[in-house]
Structure formats: structure tokens, C-alpha cells
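Raw coords_4.cif, mmCIF, C-alpha atoms:
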data_upload
loop_
_atom_site.label_atom_id
_atom_site.label_comp_id
_atom_site.auth_asym_id
_atom_site.auth_seq_id
_atom_site.Cartn_x
_atom_site.Cartn_y
_atom_site.Cartn_z
CA MET S 1 1.27 -7.58 32.16
CA GLY S 2 3.31 -4.52 33.10
CA ARG S 3 2.23 -0.97 32.68
CA ALA S 4 2.72 0.38 29.17
CA ASP S 5 5.25 3.16 29.01
CA CYS S 6 3.67 5.49 26.43
CA ALA S 7 0.34 5.63 24.61
CA ALA S 8 -0.71 7.94 21.78
CA LEU S 9 -4.19 9.46 21.80
CA ILE S 10 -5.11 10.62 18.29
CA MET S 11 -7.83 13.27 18.28
CA ALA S 12 -10.16 12.95 15.29
CA ALA S 13 -13.56 13.92 16.66
CA GLY S 14 -13.88 17.20 14.76
CA SER S 15 -16.58 17.83 12.20
CA GLY S 16 -14.28 19.76 9.85
CA GLN S 17 -16.81 22.52 9.20
CA ARG S 18 -14.13 25.07 8.26
CA PHE S 19 -12.74 22.66 5.69
CA GLY S 20 -16.01 21.98 3.90
CA GLY S 21 -16.71 19.06 1.60
CA ASP S 22 -18.73 15.89 1.92
CA ILE S 23 -16.55 14.21 4.54
CA PRO S 24 -14.51 15.58 7.47
CA LYS S 25 -10.93 16.59 6.69
CA GLN S 26 -9.39 13.75 8.72
CA TYR S 27 -10.89 11.24 6.29
CA ARG S 28 -9.90 13.07 3.11
CA LEU S 29 -7.26 11.51 0.88
CA LEU S 30 -3.72 12.85 1.02
CA ALA S 31 -1.52 11.46 -1.78
CA GLY S 32 -3.82 8.46 -2.03
CA ARG S 33 -4.16 7.67 1.68
CA PRO S 34 -6.57 9.15 4.25
CA VAL S 35 -5.14 11.93 6.43
CA LEU S 36 -6.08 10.11 9.65
CA ARG S 37 -4.57 6.83 8.52
CA ARG S 38 -1.26 8.55 7.77
CA THR S 39 -1.24 10.07 11.27
CA VAL S 40 -2.07 6.79 12.99
CA GLU S 41 0.48 4.80 10.98
CA THR S 42 3.25 7.22 11.95
CA PHE S 43 2.61 6.65 15.66
CA LEU S 44 2.08 2.91 15.30
CA ALA S 45 5.48 2.63 13.65
CA HIS S 46 7.33 4.68 16.29
CA PRO S 47 9.42 2.61 18.75
CA ALA S 48 8.57 4.96 21.66
CA ILE S 49 4.82 4.31 21.31
CA ASP S 50 3.33 1.16 22.87
CA ARG S 51 -0.34 1.76 22.10
CA VAL S 52 -2.47 3.96 19.84
CA ARG S 53 -6.13 4.90 20.34
CA VAL S 54 -8.27 7.21 18.24
CA VAL S 55 -11.03 9.52 19.51
CA ILE S 56 -13.79 10.15 16.97
CA ASP S 57 -17.23 11.61 16.42
CA ALA S 58 -19.62 8.70 17.01
CA ALA S 59 -21.43 9.62 13.78
CA HIS S 60 -18.27 8.78 11.82
CA ARG S 61 -17.65 5.33 13.32
CA ASP S 62 -18.24 3.40 10.10
CA LEU S 63 -16.09 5.84 8.14
CA CYS S 64 -13.30 5.60 10.69
CA THR S 65 -13.46 1.81 10.75
CA SER S 66 -13.11 1.72 6.98
CA VAL S 67 -10.23 4.20 6.90
CA LEU S 68 -8.25 2.40 9.63
CA ASP S 69 -9.03 -1.13 8.47
CA GLY S 70 -6.18 -3.55 9.16
CA LEU S 71 -4.34 -1.38 11.69
CA GLU S 72 -3.67 -2.88 15.12
CA ILE S 73 -5.41 -0.36 17.33
CA GLY S 74 -8.31 -0.63 19.78
CA SER S 75 -11.86 0.33 18.99
CA PRO S 76 -12.39 4.05 18.34
CA ILE S 77 -13.37 6.08 21.40
CA ASP S 78 -16.45 8.29 21.11
CA GLY S 79 -15.61 11.94 21.73
CA GLY S 80 -17.58 14.79 23.23
CA ASP S 81 -19.00 18.13 22.16
CA THR S 82 -15.61 19.92 22.40
CA ARG S 83 -12.02 18.91 21.83
CA GLN S 84 -11.37 19.28 25.54
CA ALA S 85 -14.22 16.93 26.39
CA SER S 86 -13.02 14.49 23.74
CA VAL S 87 -9.52 14.38 25.22
CA ARG S 88 -10.95 13.77 28.66
CA LEU S 89 -13.08 10.89 27.37
CA GLY S 90 -10.03 9.45 25.60
CA LEU S 91 -7.98 9.63 28.79
CA ASP S 92 -10.79 7.96 30.71
CA ALA S 93 -10.78 5.09 28.20
CA LEU S 94 -7.00 4.69 28.53
CA GLY S 95 -7.46 4.55 32.29
CA ASP S 96 -8.55 0.91 32.08
CA ALA S 97 -4.88 0.07 31.52
CA PRO S 98 -3.14 3.39 32.22
CA PRO S 99 0.19 4.10 30.55
CA LYS S 100 2.96 6.01 32.30
CA TYR S 101 2.96 8.70 29.59
CA VAL S 102 0.51 9.84 26.94
CA LEU S 103 1.09 11.84 23.75
CA VAL S 104 -1.95 13.74 22.50
CA GLN S 105 -1.90 14.25 18.74
CA ASP S 106 -4.13 16.08 16.25
CA GLY S 107 -5.47 13.54 13.77
CA VAL S 108 -5.07 16.14 11.04
CA ARG S 109 -1.32 16.53 11.47
CA PRO S 110 -0.32 13.76 9.04
CA LEU S 111 3.26 14.97 8.47
CA THR S 112 4.52 14.79 12.06
CA ASP S 113 8.00 13.33 11.75
CA PRO S 114 9.36 10.53 13.98
CA GLU S 115 12.11 12.80 15.31
CA THR S 116 9.55 15.25 16.75
CA ILE S 117 7.67 12.39 18.41
CA GLY S 118 10.92 11.15 19.91
CA ARG S 119 11.91 14.58 21.23
CA VAL S 120 8.56 15.04 23.00
CA ARG S 121 8.72 11.58 24.56
CA ARG S 122 12.31 12.00 25.78
CA ALA S 123 11.47 15.37 27.35
CA LEU S 124 9.03 13.57 29.65
CA ASP S 125 11.96 11.85 31.35
CA THR S 126 12.77 15.17 33.01
CA ALA S 127 9.52 17.20 32.83
CA PRO S 128 5.86 16.41 33.61
CA ALA S 129 4.75 17.87 30.28
CA ALA S 130 6.32 18.72 26.93
CA ILE S 131 5.01 20.05 23.64
CA ALA S 132 6.32 20.37 20.11
CA ALA S 133 6.52 24.04 19.14
CA VAL S 134 8.21 26.40 16.70
CA PRO S 135 9.29 29.97 17.47
CA VAL S 136 7.30 32.84 15.97
CA VAL S 137 9.47 34.54 13.36
CA ASP S 138 6.93 36.77 11.59
CA THR S 139 6.05 40.23 12.82
CA LEU S 140 2.73 40.09 14.68
CA LYS S 141 -0.01 42.70 14.36
CA ARG S 142 -3.10 43.23 16.48
CA GLY S 143 -6.01 44.04 14.18
CA LYS S 144 -9.58 45.23 14.36
CA ASP S 145 -12.09 45.75 11.56
CA GLY S 146 -9.44 45.02 8.97
CA LEU S 147 -6.98 47.56 10.30
CA SER S 148 -3.73 47.14 12.22
CA GLU S 149 -3.90 48.55 15.73
CA GLY S 150 -0.31 47.90 16.65
CA THR S 151 2.65 45.54 16.63
CA VAL S 152 2.87 42.70 19.15
CA ASP S 153 6.26 41.89 20.65
CA ARG S 154 7.09 38.41 19.36
CA SER S 155 9.98 37.88 21.79
CA GLY S 156 9.55 34.54 23.51
CA LEU S 157 6.47 33.59 21.48
CA TRP S 158 6.04 30.06 20.14
CA ARG S 159 3.46 28.33 17.97
CA ALA S 160 2.25 25.18 19.73
CA GLN S 161 1.92 21.98 17.73
CA THR S 162 1.24 18.35 18.57
CA PRO S 163 2.21 15.89 19.83
CA GLN S 164 1.88 17.20 23.36
CA GLY S 165 3.19 14.78 25.97
CA PHE S 166 2.30 14.34 29.64
CA GLU S 167 2.54 12.06 32.60
CA PHE S 168 -0.73 10.22 32.16
CA ASP S 169 -2.04 10.33 35.74
CA THR S 170 -1.16 14.02 36.07
CA LEU S 171 -2.93 15.02 32.84
CA LEU S 172 -6.03 13.00 33.70
CA ARG S 173 -6.35 14.72 37.06
CA ALA S 174 -5.76 18.13 35.46
CA HIS S 175 -8.48 17.52 32.86
CA ARG S 176 -11.00 16.38 35.44
CA ALA S 177 -10.26 19.45 37.55
CA ALA S 178 -10.64 21.76 34.52
CA ALA S 179 -13.98 20.48 33.23
CA GLU S 180 -15.45 23.99 33.32
CA PHE S 181 -12.30 25.71 32.02
CA GLU S 182 -12.12 26.30 28.26
CA ALA S 183 -8.68 25.62 26.79
CA THR S 184 -7.44 25.46 23.21
CA ASP S 185 -4.87 22.75 23.87
CA ASP S 186 -3.81 20.29 26.56
CA ALA S 187 -0.74 22.32 27.49
CA ALA S 188 -3.10 25.04 28.73
CA ILE S 189 -4.79 22.47 30.97
CA ALA S 190 -1.40 21.42 32.32
CA GLU S 191 -0.33 25.04 32.89
CA ARG S 192 -3.55 25.72 34.79
CA ALA S 193 -2.67 22.80 37.07
CA GLY S 194 0.74 24.37 37.75
CA LEU S 195 2.79 21.96 35.67
CA ALA S 196 6.03 23.01 33.99
CA VAL S 197 5.62 22.49 30.24
CA ALA S 198 8.84 21.93 28.31
CA LEU S 199 9.15 23.28 24.77
CA VAL S 200 10.84 20.98 22.27
CA ALA S 201 11.58 21.62 18.62
CA GLY S 202 8.69 20.96 16.29
CA SER S 203 8.80 21.41 12.52
CA GLU S 204 7.45 23.94 10.03
CA ASP S 205 6.30 20.93 7.98
CA ASN S 206 4.24 19.59 10.89
CA LEU S 207 1.20 21.41 9.58
CA LYS S 208 -2.40 21.05 10.71
CA VAL S 209 -4.78 20.40 7.81
CA THR S 210 -7.52 22.97 8.30
CA THR S 211 -8.20 24.22 4.76
CA GLU S 212 -7.92 23.00 1.18
CA ASP S 213 -4.72 25.05 0.90
CA ASP S 214 -3.24 23.10 3.82
CA LEU S 215 -4.08 19.84 2.07
CA ALA S 216 -2.44 21.06 -1.13
CA ARG S 217 0.67 22.11 0.80
CA ALA S 218 0.83 18.71 2.49
CA GLU S 219 0.58 17.05 -0.94
CA ALA S 220 3.49 19.16 -2.18
CA LEU S 221 5.61 18.37 0.88
CA LEU S 222 5.00 14.65 0.47
CA ALA S 223 5.88 14.82 -3.21
CA ALA S 224 9.11 16.65 -2.49
CA GLY S 225 10.07 14.40 0.39
CA THR S 226 9.36 11.05 -1.23
CA ALA S 227 10.62 11.64 -4.74
CA GLU S 228 13.80 9.98 -5.88
CA ILE S 229 15.61 11.63 -8.79
CA ARG S 230 16.93 9.25 -11.45
CA VAL S 231 19.00 10.22 -14.50
CA GLY S 232 19.51 8.02 -17.55
CA ASN S 233 21.62 8.36 -20.69
CA GLY S 234 20.94 7.15 -24.21
CA PHE S 235 22.94 6.99 -27.45
CA ASP S 236 22.02 5.93 -30.97
CA VAL S 237 23.48 6.10 -34.47
CA HIS S 238 22.18 5.29 -37.95
CA ARG S 239 23.96 5.38 -41.30
CA PHE S 240 22.75 7.12 -44.44
CA GLY S 241 21.33 5.29 -47.42
CA PRO S 242 19.13 5.97 -50.42
CA GLY S 243 16.05 8.13 -49.76
CA ASP S 244 14.57 11.59 -49.85
CA HIS S 245 14.09 12.48 -46.17
CA VAL S 246 15.20 11.76 -42.63
CA THR S 247 13.03 11.56 -39.51
CA LEU S 248 14.60 13.26 -36.50
CA CYS S 249 12.84 13.72 -33.15
CA GLY S 250 9.55 12.87 -34.79
CA ILE S 251 9.86 15.40 -37.61
CA ALA S 252 10.29 14.45 -41.30
CA ILE S 253 12.97 16.63 -42.92
CA ALA S 254 13.61 16.67 -46.67
CA HIS S 255 17.13 15.43 -47.46
CA ASP S 256 19.00 13.79 -50.32
CA GLN S 257 19.51 10.65 -48.25
CA ALA S 258 17.59 8.64 -45.63
CA LEU S 259 18.68 7.00 -42.39
CA ILE S 260 18.71 3.23 -42.56
CA GLY S 261 17.17 1.17 -39.79
CA HIS S 262 14.58 -1.47 -39.00
CA SER S 263 12.09 1.18 -37.85
CA ASP S 264 12.03 4.77 -39.12
CA ALA S 265 15.63 5.11 -37.82
CA ASP S 266 14.85 8.21 -35.73
CA VAL S 267 18.08 8.50 -33.78
CA GLY S 268 16.72 11.30 -31.61
CA LEU S 269 13.70 9.41 -30.30
CA HIS S 270 15.75 6.22 -29.96
CA ALA S 271 18.31 7.98 -27.77
CA ILE S 272 15.60 9.53 -25.58
CA THR S 273 13.84 6.18 -25.25
CA ASP S 274 17.07 4.53 -24.09
CA ALA S 275 17.70 7.37 -21.64
CA ILE S 276 14.29 6.88 -20.01
CA LEU S 277 14.69 3.10 -19.90
CA GLY S 278 18.12 3.60 -18.34
CA ALA S 279 16.73 5.81 -15.59
CA LEU S 280 14.11 3.14 -14.88
CA GLY S 281 16.69 0.35 -14.87
CA ALA S 282 14.56 -1.30 -17.57
CA GLY S 283 17.17 -2.36 -20.12
CA ASP S 284 17.42 -0.82 -23.55
CA ILE S 285 15.28 -0.27 -26.59
CA GLY S 286 16.48 -3.46 -28.28
CA GLN S 287 15.19 -5.59 -25.40
CA HIS S 288 11.71 -4.09 -25.66
CA PHE S 289 11.60 -3.87 -29.47
CA PRO S 290 14.00 -6.46 -30.97
CA PRO S 291 15.27 -5.27 -34.37
CA GLY S 292 14.62 -8.68 -35.92
CA ASP S 293 10.91 -8.59 -35.06
CA PRO S 294 8.88 -7.81 -38.20
CA ARG S 295 6.26 -5.97 -36.09
CA TRP S 296 8.63 -3.02 -35.77
CA LYS S 297 9.71 -2.77 -39.41
CA GLY S 298 9.21 0.81 -40.56
CA ARG S 299 7.45 1.67 -37.28
CA ASP S 300 7.14 5.29 -36.14
CA SER S 301 9.62 5.61 -33.26
CA ALA S 302 7.02 7.53 -31.26
CA THR S 303 5.73 4.03 -30.42
CA PHE S 304 8.98 3.25 -28.61
CA LEU S 305 9.14 6.56 -26.75
CA ARG S 306 5.50 6.34 -25.73
CA HIS S 307 6.15 2.85 -24.34
CA ALA S 308 9.04 4.14 -22.20
CA ALA S 309 6.83 6.97 -20.90
CA GLU S 310 4.11 4.48 -19.97
CA LEU S 311 6.63 2.38 -18.05
CA ALA S 312 7.65 5.48 -16.09
CA ALA S 313 4.03 6.33 -15.33
CA ALA S 314 3.37 2.76 -14.14
CA THR S 315 5.93 3.24 -11.35
CA GLY S 316 4.03 6.25 -10.03
CA GLY S 317 6.79 8.54 -11.30
CA ARG S 318 7.04 11.15 -13.99
CA ILE S 319 9.55 12.29 -16.60
CA ALA S 320 10.71 15.73 -15.50
CA HIS S 321 13.06 16.59 -18.36
CA VAL S 322 14.67 15.21 -21.48
CA ASP S 323 17.62 16.71 -23.34
CA VAL S 324 18.77 15.39 -26.73
CA THR S 325 21.73 16.43 -28.87
CA LEU S 326 21.76 15.56 -32.58
CA ILE S 327 25.26 15.12 -34.05
CA CYS S 328 25.49 15.68 -37.81
CA GLU S 329 26.83 17.95 -40.54
CA ARG S 330 23.60 17.84 -42.52
CA PRO S 331 20.68 18.51 -42.56
CA LYS S 332 20.52 21.74 -40.60
CA ILE S 333 18.61 21.22 -37.37
CA GLY S 334 18.00 24.82 -36.31
CA PRO S 335 14.99 25.49 -38.57
CA HIS S 336 13.23 22.38 -37.17
CA ARG S 337 14.15 22.62 -33.49
CA ASP S 338 10.86 24.11 -32.27
CA ALA S 339 8.83 21.48 -34.12
CA MET S 340 10.98 18.74 -32.63
CA VAL S 341 10.51 20.06 -29.10
CA ALA S 342 6.75 20.24 -29.62
CA ARG S 343 6.57 16.70 -31.02
CA ILE S 344 8.59 15.16 -28.16
CA ALA S 345 6.48 17.03 -25.61
CA GLU S 346 3.33 15.78 -27.32
CA ILE S 347 4.50 12.16 -27.07
CA LEU S 348 5.65 12.39 -23.45
CA GLY S 349 2.66 14.36 -22.25
CA PRO S 350 2.27 17.50 -20.13
CA GLY S 351 4.73 18.30 -17.39
CA THR S 352 7.93 17.26 -19.19
CA ALA S 353 10.50 19.91 -20.12
CA VAL S 354 12.15 19.20 -23.47
CA SER S 355 15.42 20.44 -24.91
CA VAL S 356 16.77 19.75 -28.41
CA LYS S 357 20.28 20.78 -29.46
CA ALA S 358 22.54 20.06 -32.40
CA THR S 359 26.27 20.01 -33.02
CA THR S 360 28.79 18.92 -35.63
CA THR S 361 32.07 17.03 -35.27
CA GLU S 362 34.05 19.61 -37.25
CA GLY S 363 34.38 17.19 -40.19
CA LEU S 364 35.81 14.41 -38.01
CA GLY S 365 34.60 10.82 -37.83
CA PHE S 366 31.65 9.17 -39.55
CA ALA S 367 29.32 12.11 -38.80
CA GLY S 368 31.89 14.56 -40.12
CA ARG S 369 32.25 12.55 -43.30
CA GLY S 370 28.47 12.60 -43.78
CA GLU S 371 28.08 8.85 -43.33
CA GLY S 372 25.30 9.04 -40.75
CA ILE S 373 23.75 10.82 -37.78
CA ALA S 374 24.18 10.16 -34.06
CA ALA S 375 22.21 11.36 -31.05
CA GLN S 376 22.81 11.35 -27.32
CA ALA S 377 20.14 12.06 -24.71
CA THR S 378 19.67 12.50 -20.99
CA ALA S 379 16.39 11.93 -19.15
CA THR S 380 15.59 13.05 -15.61
CA LEU S 381 12.85 11.12 -13.84
CA ARG S 382 11.15 11.71 -10.51
CA LEU S 383 10.23 8.32 -9.04
CA PRO S 384 8.72 7.18 -5.75
CA ALA S 385 11.44 6.80 -3.13
CA GLY S 386 12.67 3.30 -2.43
CA ARG S 387 11.97 1.94 -5.89
CA SER S 388 14.57 -0.68 -6.79
#
Give the structure from the file, written as C-alpha cells.
Amino acid sequence: MGRADCAALIMAAGSGQRFGGDIPKQYRLLAGRPVLRRTVETFLAHPAIDRVRVVIDAAHRDLCTSVLDGLEIGSPIDGGDTRQASVRLGLDALGDAPPKYVLVQDGVRPLTDPETIGRVRRALDTAPAAIAAVPVVDTLKRGKDGLSEGTVDRSGLWRAQTPQGFEFDTLLRAHRAAAEFEATDDAAIAERAGLAVALVAGSEDNLKVTTEDDLARAEALLAAGTAEIRVGNGFDVHRFGPGDHVTLCGIAIAHDQALIGHSDADVGLHAITDAILGALGAGDIGQHFPPGDPRWKGRDSATFLRHAAELAAATGGRIAHVDVTLICERPKIGPHRDAMVARIAEILGPGTAVSVKATTTEGLGFAGRGEGIAAQATATLRLPAGRS
């Protein structure tokens, strides 16, 4: 078997004391999946990476095994008392079948993008070492006892990230030679050995999860990056007949006629329901609640809208906004608009923005002649990316 070209060494031996909590930060859930698993999966899926190994605290072996269950990686490598010692132990373990290159990655950088990994690896074709980094753009201050003692020139300053890539044999020798030298990253070890370290573009989103705020920011970035926006439209119309009230957007309004339909004939809620179903690609209201089915006779249309909302929730998505326009000459909608908004929001649940509007047809058509009421609606949904 030939020598592997590039291995990834994922560092997860930290205790996470600054983070707090019952378990170390690398094993905490991020959008439903452990932070460490997300990091490992990213490198396993990258075409430039031939092998992935993880360095852990021996006390967390069972936890790590559970978190990484099913992934095709070797047994976890026990780390040392410091990160530097842990990297050295990881390199020693890789030495049984040494790769040409190694990328050292923080286990708590779960949002490292494939492009950054690729840039670091390609840089090793022309340099013995390369690191992902971003330039410092904020003004820097030197402080003491809570006071600023001066401004630091930020020219030429970069914030180092991971992955950090190296020629494997060169980094292993450098680490062994620097056993007594304290360094905060592997690039410092390489620099001490006289190696030229190339800087390649990292990403502001390639954050290191150190605090609860970092975890919350990572959650927000994942939500923004994986959400697919869907928009659906709905339309409904019902004619007038004998009665003393109409139900519009869940609100009963006194009127000298009623809307005729198999259910309560609420054109507003029917239109919104169809709009949500349309955004989901889930047919229309008639497919879910056939008008000939006696179960739905006289039924409150909130049942239909609630069903559409539950279908959206079942996909892992949410309804961001609904907008409905009622089209009629009478009754007047304005006095009831706030109650309608509140009722729709109550049915759909928290987090959905609701808009209710009304218009006339200037006396034209069936609505203008007072023969019935129509409604059209638009729903905006945020769904998991890739949903068919």
C-alpha cells in the first residue's frame, strides 16, 4: 500500500473548563449533532483528506466513541497534559503509516468550510507549512487593570485559525525538538524550526467554540446557511347566502348574510392554508380535507390551518410570514384587522409574522356586486436545504 497523501489530525483532548457544563464543549450538541462529529464529518467528506484520526482525553473515550459511532476513522488517540503534547502524541500515532502531509484541526471548529481545507492543502504543494488565517481589521489596544495603555499597530497582523497544514515528517521532527518549548499553535512550532509558514484565506465563520455565545453564534450561522426559502400562494372564494354573520380569518363578524361552504367558509384561513401547502409542495386544501367528507361539515377552518402548520413543522422548517388580502365590498374589515392578525398568529404559533389587508374591486365582478368574498394569500417558509 502506498503512502497516504494527507491525513487530518482532529484535536479534541481539551477539558472545556472555560465553557462549563456537564460535558466538554466538543461533545455538546450543535443543531442536533455533536460539535466534534460535525468537525470530523467535514474532513472525512473532503476529497483531499485520505485519513482522519482524533486525539482525545482518555477519560472521555466512551463519550467520544458514542459521539463518533459509525464513522470510518481509527481508534481515538489518547492525548497529553497540554495541547502541544497531544499533537505530538497524535503525530507519533500517525507515524505507524506516515502520510506525506498532515492537517491539524481544532475539534471545536465545526464550521470549517471545504474551500478553506482545500486552500491549506494546496498551499503545501509549494510551502512546507500553511495555515488558515484572517487579517485583523479591528483597532487593537494594549490594556492593563481595565484601562487602555495604547494602540497596537495592526498592520500585517493576522488571526490564526485551523486547519494548519504541514509536511508530516518535518512537523514531527519540529515537535520532538520543541518538547520543552511552549507554543499556542503548531505554526509556532514550525516557525521555531525555521520553516516558512504560508498564510491562506480562512473565514470569519470558521469560529472556535469556546463559550456558550460561540455555540449560539454557530447555531445561527448554520440556520442561515442551511435554510431554503419557499413561497406559496393561495386563493379562495365563497358566495353569500342566508345567515347573520361571516367568519373571516378566524373572527366572527355580524353581517346580514353568511358565506356558504362545507366548513365555516372562512376564505381567509382557506387561502393561507393553501399558500402554506403550496410552499411545501403538499397539494391543496381539498386534497387534505375533501369537501364531500362529512367530518369537515361546519368545521372551524383553524383545523385546516393548524394541519398545514404541523406539516411545515414536521419538515424541520418554520413559517416565517403569512400575508392575506380579503377582497369584498362588505363587511368592513378595518375594525377587525387586529383581531384577525392575533387569531392567525395564535393558530400558527410564535415566530410567524402575520399581515391582514383588505381591498374592494370598485364595484366590479362578483365581489363588487356583493355576491361573495374572495381572499388571496402568500406564505413564506424557511425549510431545511435540499428538501424536495
Fill in: Selection result for the PyMOL selection byres ((chain S and resi 376-383) around 6) on this file, as a list in words
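Taken on the displayed file, the PyMOL selection byres ((chain S and resi 376-383) around 6) yields the residues Ala227, Glu228, Ile229, Arg230, Val231, Gly232, Asn233, Gly234, Phe235, Ala271, Ile272, Ala275, Ile276, Gly317, Arg318, Ile319, Ala320, His321, Val322, Asp323, Val324, Thr325, Ala375 and Pro384 of chain S.
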Under the rule of at most 12 Å, produce a per-residue listing of region 7-112 of chain S near region 193-204 of chain S: chain, number, name, the closest pair of atoms, and the distance in Å, as a tab-separated table, using only C-alpha atoms.
residue	atom	partner	partner_atom	distance
S:Arg109	CA	S:Ser203	CA	11.3
S:Leu111	CA	S:Ser203	CA	9.4
S:Thr112	CA	S:Ser203	CA	7.9
Item to complete: Write out as a list in words the residues lying within 12 Å of Asp50 (chain S), counting only C-alpha atoms and excluding same-chain residues fewer than 6 positions away.
Response: Gly2, Arg3, Ala4, Asp5, Cys6, Ala7, Ala8, Leu9, Phe43, Leu44, Glu72, Ile73, Ala97, Pro98, Pro99, Lys100, Tyr101, Val102, Leu103 and Arg121 of chain S
Fill in: Residues within 9 Å of Tyr27 (chain S), only C-alpha atoms, excluding chain neighbours under 3 positions, as a list in words
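Close residues of Tyr27 (chain S): Ile23, Pro24, Arg33, Pro34, Val35, Leu36, Arg37, Leu63, Cys64, Val67 and Val108 of chain S.
We find CA of Gln161 (chain S) and CA of Ala218 (chain S) to be spaced 15.6 Å apart.
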Item to complete: Determine the residue set returned by the PyMOL selection byres ((chain S and resi 326) around 9) for the present structure, and present it as a PyMOL selection string.
Response: chain S and resi 248+267-268+324-325+327-328+333+356-360+373-377
Practice prompt. Report the residues retrieved by the PyMOL selection byres ((chain S and resi 155-159) around 7) from the displayed file, expressed as a VMD selection string.
Written response: chain S and resid 133 to 136 153 to 154 160 to 161
Discussion item. Which residues are near region 338-343 of chain S? Cut-off 7 Å, all atoms listed in the file, ignore same chain within fewer than 6 positions. Put them as number ranges by chain.
Written reply: S: 249-251, 354-356
Worksheet item: What is the distance, in Å and to one decimal place, between CA of Pro76 (chain S) and CA of Pro47 (chain S)?
Response: 21.9 Å
Practice prompt. Find the distance between CA of Asp205 (chain S) and CA of Arg38 (chain S) and write it in Å to one decimal.
Written response: 14.5 Å
Worksheet item: For Glu371 (chain S), which residue out of S:Asp69, S:Asp284, S:Glu180, S:Glu329 is the nearest one, using only C-alpha atoms?
Response: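 For Glu371 (chain S), the nearest of the given residues is S:Glu329.
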Worksheet item: For Ala187 (chain S), which of S:Thr210, S:Gln105, S:Asp266, S:Ala224 is the closest residue, counting all atoms listed in the file?
Response: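 Counting all atoms listed in the file, the residue closest to Ala187 (chain S) is S:Gln105.
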Worksheet item: Which one of S:Ala223, S:Ala302, S:Ala312, S:Leu94 sits closest to Ile347 (chain S) if you count all atoms listed in the file?
Response: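 Under the stated criterion, the closest residue is S:Ala302.
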Discussion item. With distances taken over all atoms listed in the file, which residue among S:Gly283, S:Gly165, S:Val87, S:Ala254 lies nearest Asp125 (chain S)?
Written reply: S:Gly165
Practice prompt. Tell me which protein, DNA and RNA residues are within 6 Å of His245 (chain S), counting only C-alpha atoms, leaving out same-chain ones fewer than 3 positions away, and put them as a list of chain:residue names.
Written response: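 Final neighbour list, sorted by chain and number: S:Ile253, S:Ala254, S:His255, S:Ala258.
The nearest approach to Gly316 (chain S) among the residues S:Leu280, S:Ala59, S:Leu207, S:Ala252, with only C-alpha atoms taken into account, belongs to S:Leu280.
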Worksheet item: S:Asp62, S:Asp57, S:Asp244, S:Asp214: which is nearest Asp78 (chain S), counting all atoms listed in the file?
Response: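 Once distances to Asp78 (chain S) are computed over all atoms listed in the file, the minimum belongs to S:Asp57.
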